[in-house]
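Text of the file target30.txt, holding compact mmCIF, C-alpha atoms and all ligand atoms:
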```
# COMPACT_ATOMS: atom_id res chain seq x y z
CA MET A 483 25.04 123.53 -120.00
CA GLU A 484 27.42 125.53 -117.84
CA GLU A 485 25.81 127.11 -114.77
CA ARG A 486 25.35 130.84 -115.15
CA PHE A 487 23.48 133.67 -113.46
CA ALA A 488 21.72 136.36 -115.47
CA PHE A 489 20.90 139.94 -114.52
CA LEU A 490 19.48 143.05 -116.06
CA ALA A 491 21.97 145.81 -115.35
CA GLU A 492 21.95 149.55 -115.88
CA TRP A 493 24.99 151.74 -116.47
CA TYR A 494 25.00 155.49 -116.64
CA ASP A 495 27.11 156.52 -119.62
CA PRO A 496 28.47 159.96 -118.73
CA SER A 497 29.68 160.82 -122.24
CA ALA A 498 26.27 160.21 -123.82
CA ALA A 499 24.43 161.26 -120.62
CA LEU A 500 22.08 158.32 -120.78
CA LEU A 501 21.32 155.05 -119.05
CA ARG A 502 22.37 151.96 -120.97
CA ARG A 503 20.93 148.55 -120.27
CA TYR A 504 22.82 145.31 -120.43
CA GLN A 505 22.22 141.69 -119.80
CA LEU A 506 25.01 140.64 -117.43
CA LEU A 507 25.94 136.96 -117.26
CA PHE A 508 28.15 135.53 -114.55
CA TYR A 509 29.71 132.05 -114.81
CA PRO A 510 30.70 130.88 -111.31
CA ARG A 511 32.84 127.94 -112.53
CA ASP A 512 35.65 130.19 -113.76
CA SER A 513 34.45 133.60 -112.50
CA SER A 514 33.87 134.97 -115.95
CA VAL A 515 31.42 137.59 -117.14
CA GLU A 516 29.70 138.37 -120.40
CA MET A 517 27.57 141.37 -121.37
CA PHE A 518 24.98 142.06 -124.03
CA ASP A 519 23.71 145.45 -125.05
CA VAL A 520 19.93 145.09 -124.71
CA LYS A 521 18.87 147.94 -127.00
CA ASN A 522 21.25 147.19 -129.86
CA GLN A 523 20.99 143.42 -129.47
CA ARG A 524 24.70 142.78 -129.66
CA THR A 525 27.56 141.48 -127.58
CA PHE A 526 29.12 144.23 -125.53
CA LEU A 527 31.72 142.19 -123.66
CA ARG A 528 32.79 138.73 -124.73
CA LYS A 529 33.02 136.05 -122.02
CA THR A 530 36.03 137.16 -119.98
CA LYS A 531 37.54 136.07 -116.69
CA TYR A 532 36.91 138.72 -114.03
CA GLU A 533 37.82 137.65 -110.53
CA ASP A 534 36.99 140.94 -108.78
CA LEU A 535 33.28 140.18 -108.94
CA ARG A 536 32.21 138.31 -105.82
CA PRO A 537 29.24 135.95 -106.21
CA GLU A 538 27.79 137.14 -102.86
CA ASP A 539 27.49 140.66 -104.29
CA LEU A 540 25.25 139.50 -107.10
CA PHE A 541 21.69 140.37 -106.16
CA VAL A 542 19.12 142.84 -107.38
CA GLY A 543 19.43 146.22 -105.72
CA ASN A 544 23.19 146.02 -105.43
CA ARG A 545 25.77 147.92 -107.45
CA VAL A 546 28.79 146.05 -108.79
CA ASN A 547 31.91 147.09 -110.61
CA VAL A 548 32.74 145.33 -113.87
CA PHE A 549 35.90 146.58 -115.57
CA SER A 550 35.51 150.03 -114.00
CA ARG A 551 31.86 150.38 -114.92
CA GLN A 552 29.39 150.70 -112.05
CA LEU A 553 26.45 148.51 -112.91
CA ASN A 554 23.19 148.73 -111.01
CA LEU A 555 21.60 145.32 -110.90
CA ILE A 556 17.94 146.12 -111.53
CA GLY A 557 16.44 142.72 -112.26
CA TYR A 558 17.05 139.00 -112.48
CA GLY A 559 17.51 137.81 -116.02
CA ASP A 560 15.83 134.45 -115.59
CA GLN A 561 13.86 132.37 -113.12
CA PHE A 562 16.85 130.19 -112.25
CA THR A 563 18.85 133.22 -111.08
CA ALA A 564 15.89 134.71 -109.20
CA ASN A 565 15.31 131.41 -107.36
CA ARG A 566 18.94 130.72 -106.56
CA LEU A 567 20.09 134.22 -105.63
CA GLY A 568 17.01 136.30 -104.98
CA SER A 569 14.32 134.39 -103.18
CA LYS A 570 15.56 134.80 -99.61
CA LYS A 571 17.09 138.28 -99.90
CA GLU A 572 15.51 140.74 -97.51
CA ARG A 573 16.18 144.23 -96.21
CA THR A 574 15.68 145.20 -92.61
CA LEU A 575 16.23 148.18 -90.37
CA ALA A 576 18.86 147.80 -87.69
CA MET A 577 19.35 150.62 -85.24
CA ILE A 578 22.14 150.96 -82.74
CA LYS A 579 20.61 152.65 -79.70
CA PRO A 580 22.42 155.45 -77.80
CA ASP A 581 23.95 153.10 -75.21
CA ALA A 582 25.78 151.00 -77.81
CA VAL A 583 26.96 153.59 -80.35
CA PRO A 584 30.53 153.41 -78.94
CA GLN A 585 30.49 149.66 -79.79
CA ILE A 586 29.40 150.19 -83.39
CA GLY A 587 32.59 148.63 -84.77
CA ASP A 588 32.05 145.36 -82.93
CA ILE A 589 28.37 145.26 -83.87
CA ILE A 590 29.05 145.85 -87.59
CA GLN A 591 31.66 143.09 -87.39
CA MET A 592 29.00 140.73 -85.96
CA ILE A 593 26.66 141.72 -88.81
CA TYR A 594 29.23 140.81 -91.47
CA ASP A 595 30.19 137.61 -89.64
CA SER A 596 26.57 136.49 -89.93
CA ASN A 597 26.55 137.07 -93.69
CA LEU A 598 24.47 140.24 -93.72
CA ILE A 599 25.76 143.40 -95.37
CA VAL A 600 25.23 147.04 -94.44
CA THR A 601 23.80 148.86 -97.47
CA LYS A 602 22.87 152.18 -95.81
CA ALA A 603 23.88 153.84 -92.57
CA LYS A 604 23.28 157.18 -90.91
CA MET A 605 24.06 158.56 -87.49
CA THR A 606 21.26 160.81 -86.30
CA LYS A 607 19.92 162.23 -83.07
CA LEU A 608 16.18 161.77 -82.81
CA THR A 609 13.92 164.54 -81.56
CA TRP A 610 11.21 163.65 -79.04
CA SER A 611 8.54 163.64 -81.74
CA GLN A 612 10.65 161.48 -84.08
CA GLY A 613 11.31 158.99 -81.26
CA ALA A 614 7.62 158.90 -80.34
CA ASP A 615 6.65 158.50 -83.98
CA PHE A 616 9.12 155.65 -84.54
CA TYR A 617 7.73 153.76 -81.52
CA THR A 618 4.11 154.75 -82.11
CA GLU A 619 2.96 151.12 -81.69
CA HIS A 620 4.03 151.34 -78.01
CA GLN A 621 2.47 154.72 -77.17
CA THR A 622 -0.01 153.25 -74.68
CA LYS A 623 2.60 151.14 -72.85
CA PRO A 624 3.74 152.14 -69.34
CA PHE A 625 7.40 152.21 -70.47
CA PHE A 626 6.75 154.52 -73.45
CA ASN A 627 8.04 157.77 -71.93
CA ASN A 628 11.18 156.09 -70.59
CA LEU A 629 11.76 154.51 -73.95
CA VAL A 630 11.48 157.79 -75.89
CA GLN A 631 13.60 159.52 -73.24
CA PHE A 632 16.32 156.90 -73.75
CA MET A 633 16.09 156.93 -77.55
CA THR A 634 16.56 160.72 -77.65
CA SER A 635 19.35 160.81 -75.06
CA GLY A 636 22.15 160.62 -77.62
CA PRO A 637 22.91 159.75 -81.23
CA VAL A 638 21.72 156.49 -82.77
CA VAL A 639 22.95 154.79 -85.94
CA ALA A 640 20.27 153.54 -88.32
CA MET A 641 21.33 150.95 -90.89
CA GLU A 642 19.75 149.06 -93.74
CA LEU A 643 20.92 145.46 -93.65
CA MET A 644 20.54 143.11 -96.56
CA GLY A 645 20.93 139.40 -96.91
CA ASP A 646 19.20 136.05 -96.73
CA GLU A 647 16.35 136.27 -94.20
CA ALA A 648 17.76 139.56 -92.91
CA VAL A 649 14.72 140.36 -90.72
CA ALA A 650 14.96 137.20 -88.62
CA GLY A 651 18.75 137.02 -88.85
CA TRP A 652 19.29 140.46 -87.31
CA ARG A 653 16.72 139.81 -84.56
CA ARG A 654 18.50 136.56 -83.74
CA LEU A 655 21.79 138.45 -83.55
CA LEU A 656 20.17 141.07 -81.27
CA GLY A 657 18.84 138.50 -78.83
CA PRO A 658 15.85 138.78 -76.45
CA THR A 659 14.43 142.28 -75.75
CA ASP A 660 15.54 142.35 -72.10
CA ALA A 661 19.33 142.46 -71.86
CA GLY A 662 19.23 140.46 -68.62
CA VAL A 663 17.24 137.70 -70.27
CA ALA A 664 19.60 137.92 -73.26
CA ARG A 665 22.59 137.26 -70.98
CA SER A 666 21.03 134.06 -69.69
CA GLU A 667 19.49 132.84 -72.94
CA ALA A 668 21.73 134.15 -75.75
CA ALA A 669 25.14 134.98 -74.27
CA GLY A 670 26.86 136.02 -77.51
CA SER A 671 24.04 138.29 -78.70
CA VAL A 672 24.29 142.07 -79.15
CA ARG A 673 21.89 142.80 -76.28
CA ALA A 674 23.63 140.33 -73.93
CA GLN A 675 27.00 141.94 -74.57
CA TYR A 676 26.15 145.63 -74.88
CA GLY A 677 22.73 146.13 -73.29
CA THR A 678 21.92 146.98 -69.65
CA ASP A 679 18.26 146.17 -68.92
CA GLY A 680 14.76 145.99 -70.39
CA THR A 681 14.87 149.49 -71.91
CA ARG A 682 18.57 150.15 -72.47
CA ASN A 683 19.11 147.20 -74.75
CA ALA A 684 21.69 148.29 -77.35
CA GLY A 685 19.77 147.78 -80.56
CA HIS A 686 16.54 147.66 -82.50
CA GLY A 687 15.48 145.34 -85.30
CA SER A 688 12.33 145.34 -87.43
CA ASP A 689 10.02 142.49 -86.46
CA SER A 690 8.55 141.78 -89.92
CA LEU A 691 8.97 142.70 -93.57
CA ALA A 692 6.12 145.19 -93.20
CA SER A 693 7.77 146.93 -90.21
CA ALA A 694 11.07 146.88 -92.08
CA ALA A 695 9.50 148.73 -95.00
CA ARG A 696 7.98 151.36 -92.69
CA GLU A 697 11.11 151.79 -90.57
CA LEU A 698 13.47 151.97 -93.55
CA GLU A 699 11.24 154.66 -95.04
CA PHE A 700 11.38 156.48 -91.69
CA PHE A 701 15.19 156.76 -91.69
CA PHE A 702 15.93 156.54 -95.42
CA PRO A 703 12.91 158.14 -97.10
CA SER A 704 12.48 157.77 -100.83
CA THR A 705 11.85 161.53 -100.98
CA ALA A 706 15.27 163.03 -100.33
CA GLY A 707 15.79 165.49 -97.51
CA CYS A 708 12.85 164.67 -95.24
CA GLY A 709 14.35 162.01 -92.92
CA PRO A 710 16.09 162.57 -89.59
CA SER A 711 19.16 164.78 -90.12
CA ASN A 712 22.78 163.79 -89.70
CA THR A 713 24.87 164.82 -86.71
CA ALA A 714 27.77 166.68 -88.36
CA SER A 715 29.04 169.58 -86.24
CA TYR A 716 31.37 171.27 -88.79
CA THR A 717 33.62 172.43 -85.99
CA ASP A 718 37.15 171.30 -85.12
CA SER A 719 36.69 168.31 -87.37
CA THR A 720 38.36 166.42 -90.17
CA CYS A 721 36.96 164.01 -92.75
CA CYS A 722 37.64 160.31 -93.14
CA ILE A 723 36.12 158.17 -95.90
CA ILE A 724 36.12 154.38 -95.66
CA LYS A 725 36.57 153.44 -99.30
CA PRO A 726 34.19 151.12 -101.19
CA HIS A 727 36.70 148.26 -101.51
CA ALA A 728 37.16 148.18 -97.71
CA ILE A 729 33.38 148.23 -97.20
CA SER A 730 32.80 145.36 -99.63
CA GLU A 731 35.65 143.36 -98.08
CA GLY A 732 33.81 143.58 -94.75
CA GLN A 733 36.48 145.73 -93.05
CA THR A 734 34.12 148.51 -91.87
CA GLY A 735 33.75 147.24 -88.31
CA ARG A 736 37.49 146.70 -87.83
CA ILE A 737 38.34 150.15 -89.20
CA LEU A 738 35.77 151.82 -86.91
CA ASN A 739 37.20 149.86 -83.98
CA ALA A 740 40.74 150.98 -84.81
CA ILE A 741 39.64 154.63 -85.04
CA SER A 742 37.86 154.41 -81.71
CA ALA A 743 40.75 152.54 -80.03
CA ALA A 744 43.07 155.35 -81.13
CA GLY A 745 40.82 157.78 -79.26
CA TYR A 746 39.18 159.69 -82.12
CA PRO A 747 35.49 160.49 -81.52
CA VAL A 748 33.21 160.01 -84.55
CA SER A 749 30.67 162.84 -84.50
CA ALA A 750 28.89 161.97 -87.77
CA LEU A 751 28.68 158.82 -89.88
CA GLN A 752 26.82 158.13 -93.10
CA MET A 753 27.09 155.87 -96.13
CA PHE A 754 26.93 157.40 -99.60
CA SER A 755 26.86 156.06 -103.14
CA MET A 756 28.95 158.52 -105.08
CA ASP A 757 28.47 158.92 -108.78
CA ARG A 758 31.39 159.79 -111.03
CA ALA A 759 30.64 163.51 -111.12
CA ASN A 760 30.61 163.73 -107.32
CA ALA A 761 33.80 161.71 -106.98
CA GLU A 762 35.56 163.91 -109.56
CA GLU A 763 34.45 167.04 -107.78
CA PHE A 764 35.47 165.76 -104.35
CA TYR A 765 38.95 164.78 -105.63
CA GLU A 766 39.29 167.91 -107.79
CA VAL A 767 42.44 169.13 -105.99
CA TYR A 768 44.29 165.94 -106.95
CA LYS A 769 43.52 166.30 -110.66
CA GLY A 770 46.72 166.73 -112.63
CA VAL A 771 48.71 166.44 -109.40
CA VAL A 772 48.39 162.79 -108.43
CA THR A 773 48.93 160.20 -111.18
CA GLU A 774 46.30 157.91 -109.64
CA TYR A 775 43.54 160.56 -109.92
CA THR A 776 41.43 158.63 -112.46
CA SER A 777 41.70 155.36 -110.55
CA MET A 778 40.92 157.15 -107.29
CA VAL A 779 37.71 158.48 -108.83
CA ALA A 780 36.79 155.02 -110.14
CA GLU A 781 37.39 153.47 -106.72
CA LEU A 782 35.35 156.08 -104.85
CA CYS A 783 32.28 155.48 -106.99
CA SER A 784 32.62 151.70 -107.26
CA GLY A 785 30.15 151.09 -104.42
CA PRO A 786 28.95 152.62 -101.18
CA CYS A 787 31.53 154.41 -99.06
CA MET A 788 31.24 155.55 -95.44
CA ALA A 789 31.93 159.16 -94.54
CA LEU A 790 32.99 160.01 -91.00
CA GLU A 791 33.35 163.33 -89.27
CA ILE A 792 36.24 162.91 -86.86
CA GLN A 793 36.69 165.26 -83.94
CA ALA A 794 40.33 166.28 -84.11
CA ALA A 795 40.25 169.67 -82.44
CA SER A 796 43.81 169.86 -81.19
CA SER A 797 45.52 168.35 -84.22
CA PRO A 798 44.03 167.25 -87.54
CA GLN A 799 47.59 166.28 -88.46
CA THR A 800 47.64 163.50 -85.84
CA PHE A 801 44.59 161.86 -87.46
CA ARG A 802 46.36 162.03 -90.81
CA ASP A 803 49.43 160.42 -89.28
CA PHE A 804 47.19 157.71 -87.87
CA CYS A 805 45.84 156.98 -91.40
CA GLY A 806 49.43 156.55 -92.56
CA PRO A 807 51.32 156.98 -95.84
CA ALA A 808 49.10 156.81 -98.95
CA ASP A 809 50.88 153.67 -100.20
CA PRO A 810 50.02 150.71 -97.93
CA GLU A 811 53.28 148.91 -98.85
CA ILE A 812 55.28 151.85 -97.56
CA ALA A 813 52.92 152.18 -94.59
CA ARG A 814 53.54 148.53 -93.65
CA HIS A 815 57.27 149.14 -93.60
CA LEU A 816 57.38 152.52 -91.91
CA ARG A 817 54.18 152.83 -89.87
CA PRO A 818 52.78 149.30 -89.38
CA THR A 819 50.03 150.29 -86.94
CA THR A 820 48.36 152.87 -89.23
CA LEU A 821 44.97 152.30 -90.89
CA ARG A 822 46.50 152.03 -94.37
CA ALA A 823 49.15 149.55 -93.21
CA LEU A 824 46.47 147.40 -91.57
CA PHE A 825 43.63 147.61 -94.09
CA GLY A 826 45.03 148.96 -97.37
CA LYS A 827 45.96 146.94 -100.45
CA THR A 828 47.28 149.38 -103.06
CA LYS A 829 47.80 153.13 -103.42
CA VAL A 830 44.27 153.43 -104.79
CA GLN A 831 42.63 150.78 -102.62
CA ASN A 832 44.24 152.11 -99.45
CA ALA A 833 41.23 151.64 -97.15
CA VAL A 834 40.63 155.28 -96.23
CA HIS A 835 40.75 158.79 -97.53
CA CYS A 836 41.54 161.48 -95.00
CA THR A 837 41.70 165.25 -95.36
CA ASP A 838 45.17 166.39 -96.48
CA LEU A 839 45.29 169.99 -95.31
CA PRO A 840 44.05 170.98 -91.87
CA GLU A 841 42.13 173.93 -93.31
CA ASP A 842 40.18 171.61 -95.64
CA GLY A 843 38.80 169.37 -92.87
CA VAL A 844 35.50 171.14 -92.37
CA LEU A 845 35.11 171.73 -96.14
CA GLU A 846 35.38 168.01 -96.85
CA VAL A 847 32.97 167.20 -94.03
CA GLN A 848 30.57 169.71 -95.59
CA TYR A 849 30.94 168.13 -99.00
CA PHE A 850 29.48 164.88 -97.70
CA PHE A 851 27.16 165.92 -94.90
CA LYS A 852 25.75 169.10 -96.50
CA ILE A 853 26.04 168.67 -100.27
CA MET A 854 25.72 164.88 -100.70
CA ASP A 855 23.13 164.50 -97.90
CA ASP A 856 20.45 166.63 -99.52
P1 LIG A 901 11.94 144.75 -79.48
O1 LIG A 901 12.84 145.96 -79.45
O2 LIG A 901 12.67 143.51 -79.09
O3 LIG A 901 11.17 144.61 -80.75
P2 LIG A 901 9.45 145.72 -78.27
O4 LIG A 901 8.50 144.91 -77.44
O5 LIG A 901 9.03 146.11 -79.64
O6 LIG A 901 10.85 144.94 -78.28
O7 LIG A 901 9.79 147.03 -77.43
C1 LIG A 901 10.47 148.13 -78.01
C2 LIG A 901 11.49 148.63 -77.02
O8 LIG A 901 10.82 149.12 -75.86
C3 LIG A 901 12.44 147.57 -76.47
O9 LIG A 901 13.53 147.32 -77.33
C4 LIG A 901 12.86 148.16 -75.17
O10 LIG A 901 13.85 149.16 -75.37
C5 LIG A 901 11.58 148.82 -74.68
N1 LIG A 901 10.78 147.90 -73.84
C6 LIG A 901 10.05 146.86 -74.25
N2 LIG A 901 9.44 146.24 -73.22
C7 LIG A 901 9.79 146.91 -72.12
C8 LIG A 901 9.44 146.77 -70.72
O11 LIG A 901 8.72 145.86 -70.31
N3 LIG A 901 10.01 147.66 -69.88
C9 LIG A 901 10.80 148.67 -70.30
N4 LIG A 901 11.13 148.85 -71.61
C10 LIG A 901 10.63 147.99 -72.51
MG MG A 902 9.67 145.81 -81.59
```
Any chance you could put this one into structure tokens?
Amino acid sequence: MEERFAFLAEWYDPSAALLRRYQLLFYPRDSSVEMFDVKNQRTFLRKTKYEDLRPEDLFVGNRVNVFSRQLNLIGYGDQFTANRLGSKKERTLAMIKPDAVPQIGDIIQMIYDSNLIVTKAKMTKLTWSQGADFYTEHQTKPFFNNLVQFMTSGPVVAMELMGDEAVAGWRRLLGPTDAGVARSEAAGSVRAQYGTDGTRNAGHGSDSLASAARELEFFFPSTAGCGPSNTASYTDSTCCIIKPHAISEGQTGRILNAISAAGYPVSALQMFSMDRANAEEFYEVYKGVVTEYTSMVAELCSGPCMALEIQAASSPQTFRDFCGPADPEIARHLRPTTLRALFGKTKVQNAVHCTDLPEDGVLEVQYFFKIMDD
């Protein structure tokens, strides 16, 4: 029998306003998919080749796009699939400490290079009591005050990483706790490259699945609105969205590096999973104006995107110029060093959205960091 992976998938049908459940089958030999409607017990999609679905994205908890439908994978359909694709998948908390936030692009690149993916991210500035609470296990240690002082000295970026043995994998990538030791024992590690000493050591990683659960809940609580707040300033800023296709292609780190190399400070950063209604509302001004409107909406809600608040006080227009013409083909001819020329594929999958009109910059930042981050 041909090898196939089976999932239980959920799709929100906006026209009927209800959740539909499907069995999703994926055949790796020829990258084809097949879907059955669970409730009505009938074929929903006959076995069809679909090469946009990447096998590494198939795991429970992830959201995948199948012919413009966003499917939430909520369960494995059989034991074979669970064993082959699910048994080693873990989530862990990675935090970039204040000293290494400027190197976030390089660090995210290292994360993708080691086959982990970033599923959530939020830049936040911890208060003293949040810092002390996060490190409560160390409250009796002599270095505790210094540690909390350091952790609250500037913004941090908390991330949920997912992948095979993510807890151990991220700690291996971090290297030994003391950056000096890391330099002698694990030269390529995050702490060796970006840390300074025993306290200022660039990053944090959960040390077990139990700590990961606690620390993920700390930064990304299941009850909305009660975690550490984002760092958006809503002043002199413009909005940049790294689109879902660029995130799933593993371009996030490179795009953040390019933005930072061009001299634009990122004052807030957060990943969001947009649903169709949000994407339609955000792109409202393009409706009836831009022919790609419908495809733009579909792209924006096809997976997690990353919203950035960019400080562009003197000239929001220069950041727009740096993003480049909307069509990456044109960008590659006319402005080959722009973000769209470097990372875009098509007019819809053009790597980034950026605010069009200078006066809309703060409004778009508010849409993500005030309305979506509730
Ligand atoms: P970990 O971050 O590698 O898990 P822990 O022992 O849990 O290491 O310590 C938490 C953090 O406290 C470290 O990352 C480091 O910033 C700081 N720290 C740990 N040990 C020392 C020390 O001996 N002196 C100063 N700071 C320390
Ligand atoms: Mg620790």
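Compared by their closest atoms to Gln752 (chain A), and using only C-alpha atoms, the residues A:Val583, A:Cys787, A:Ile589, A:Ala564 rank with A:Cys787 nearest.
Near Leu821 (chain A), within 10 Å and counting all atoms listed in the file, sit Arg736, Ile737, Ala740, Ile741, Arg802, Asp803, Phe804, Cys805, Gly806, Pro807, Pro810, Ala813, Arg814, Arg817, Phe825, Gly826, Asn832, Ala833 and Val834 of chain A, not including residues fewer than 4 positions from it in the same chain.
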Open item on the list: At a cut-off of 8 Å around ligand MG 902 (chain A), and using only C-alpha atoms and all ligand atoms, what residues come up? Please write them as a PyMOL selection string.
Closed with: chain A and resi 686-689
Open item on the list: ligand LIG 901 (chain A): which residues are within 12 Å, counting all atoms listed in the file? Reply as a ChimeraX atom specification.
Closed with: /A:575-581,613-614,616-633,649-650,652-664,672-673,677-690,693-694
Open item on the list: If we count only C-alpha atoms and set the cut-off at 9 Å, which residues sit around Asn544 (chain A), ignoring sequence neighbours fewer than 6 positions away in its own chain? Please answer as a PyMOL selection string.
Closed with: chain A and resi 553-556+601+785
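Shortest separation to Gly645 (chain A) among A:Ser666, A:Ile723, A:Tyr716, A:Asp539 occurs at residue A:Asp539, atoms counted being only C-alpha atoms.
You will find CA of Leu738 (chain A) at 10.4 Å from CA of Leu751 (chain A).
You will find CA of Glu697 (chain A) at 22.5 Å from CA of Gly587 (chain A).
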Give me region 835-848 of chain A with N, CA, C and O atoms filled in, as a PDB file, in the frame of the given file.
```pdb
ATOM      1  N   HIS A 835      40.309 157.449 -97.143  1.00  0.00           N
ATOM      2  CA  HIS A 835      40.750 158.790 -97.530  1.00  0.00           C
ATOM      3  C   HIS A 835      40.718 159.624 -96.261  1.00  0.00           C
ATOM      4  O   HIS A 835      39.824 159.455 -95.434  1.00  0.00           O
ATOM      5  N   CYS A 836      41.688 160.510 -96.081  1.00  0.00           N
ATOM      6  CA  CYS A 836      41.540 161.480 -95.000  1.00  0.00           C
ATOM      7  C   CYS A 836      41.972 162.845 -95.525  1.00  0.00           C
ATOM      8  O   CYS A 836      42.736 162.946 -96.486  1.00  0.00           O
ATOM      9  N   THR A 837      41.417 163.887 -94.912  1.00  0.00           N
ATOM     10  CA  THR A 837      41.700 165.250 -95.360  1.00  0.00           C
ATOM     11  C   THR A 837      43.206 165.515 -95.301  1.00  0.00           C
ATOM     12  O   THR A 837      43.864 165.198 -94.316  1.00  0.00           O
ATOM     13  N   ASP A 838      43.740 166.107 -96.390  1.00  0.00           N
ATOM     14  CA  ASP A 838      45.170 166.390 -96.480  1.00  0.00           C
ATOM     15  C   ASP A 838      45.584 167.605 -95.678  1.00  0.00           C
ATOM     16  O   ASP A 838      46.519 167.566 -94.895  1.00  0.00           O
ATOM     17  N   LEU A 839      44.893 168.725 -95.936  1.00  0.00           N
ATOM     18  CA  LEU A 839      45.290 169.990 -95.310  1.00  0.00           C
ATOM     19  C   LEU A 839      44.337 170.320 -94.172  1.00  0.00           C
ATOM     20  O   LEU A 839      43.124 170.236 -94.349  1.00  0.00           O
ATOM     21  N   PRO A 840      44.893 170.694 -93.028  1.00  0.00           N
ATOM     22  CA  PRO A 840      44.050 170.980 -91.870  1.00  0.00           C
ATOM     23  C   PRO A 840      42.906 171.937 -92.195  1.00  0.00           C
ATOM     24  O   PRO A 840      41.777 171.725 -91.755  1.00  0.00           O
ATOM     25  N   GLU A 841      43.182 172.943 -93.040  1.00  0.00           N
ATOM     26  CA  GLU A 841      42.130 173.930 -93.310  1.00  0.00           C
ATOM     27  C   GLU A 841      41.006 173.380 -94.197  1.00  0.00           C
ATOM     28  O   GLU A 841      39.967 173.997 -94.352  1.00  0.00           O
ATOM     29  N   ASP A 842      41.214 172.202 -94.791  1.00  0.00           N
ATOM     30  CA  ASP A 842      40.180 171.610 -95.640  1.00  0.00           C
ATOM     31  C   ASP A 842      39.251 170.656 -94.888  1.00  0.00           C
ATOM     32  O   ASP A 842      38.261 170.176 -95.449  1.00  0.00           O
ATOM     33  N   GLY A 843      39.572 170.358 -93.628  1.00  0.00           N
ATOM     34  CA  GLY A 843      38.800 169.370 -92.870  1.00  0.00           C
ATOM     35  C   GLY A 843      37.306 169.633 -92.896  1.00  0.00           C
ATOM     36  O   GLY A 843      36.514 168.805 -93.355  1.00  0.00           O
ATOM     37  N   VAL A 844      36.929 170.817 -92.458  1.00  0.00           N
ATOM     38  CA  VAL A 844      35.500 171.140 -92.370  1.00  0.00           C
ATOM     39  C   VAL A 844      34.873 171.198 -93.769  1.00  0.00           C
ATOM     40  O   VAL A 844      33.739 170.754 -93.977  1.00  0.00           O
ATOM     41  N   LEU A 845      35.633 171.668 -94.766  1.00  0.00           N
ATOM     42  CA  LEU A 845      35.110 171.730 -96.140  1.00  0.00           C
ATOM     43  C   LEU A 845      34.769 170.334 -96.654  1.00  0.00           C
ATOM     44  O   LEU A 845      33.732 170.119 -97.284  1.00  0.00           O
ATOM     45  N   GLU A 846      35.649 169.378 -96.392  1.00  0.00           N
ATOM     46  CA  GLU A 846      35.380 168.010 -96.850  1.00  0.00           C
ATOM     47  C   GLU A 846      34.204 167.393 -96.094  1.00  0.00           C
ATOM     48  O   GLU A 846      33.391 166.673 -96.677  1.00  0.00           O
ATOM     49  N   VAL A 847      34.121 167.680 -94.801  1.00  0.00           N
ATOM     50  CA  VAL A 847      32.970 167.200 -94.030  1.00  0.00           C
ATOM     51  C   VAL A 847      31.687 167.782 -94.629  1.00  0.00           C
ATOM     52  O   VAL A 847      30.688 167.089 -94.809  1.00  0.00           O
ATOM     53  N   GLN A 848      31.744 169.067 -94.985  1.00  0.00           N
ATOM     54  CA  GLN A 848      30.570 169.710 -95.590  1.00  0.00           C
ATOM     55  C   GLN A 848      30.208 169.094 -96.936  1.00  0.00           C
ATOM     56  O   GLN A 848      29.040 168.973 -97.273  1.00  0.00           O
TER      57      GLN A 848
END
```
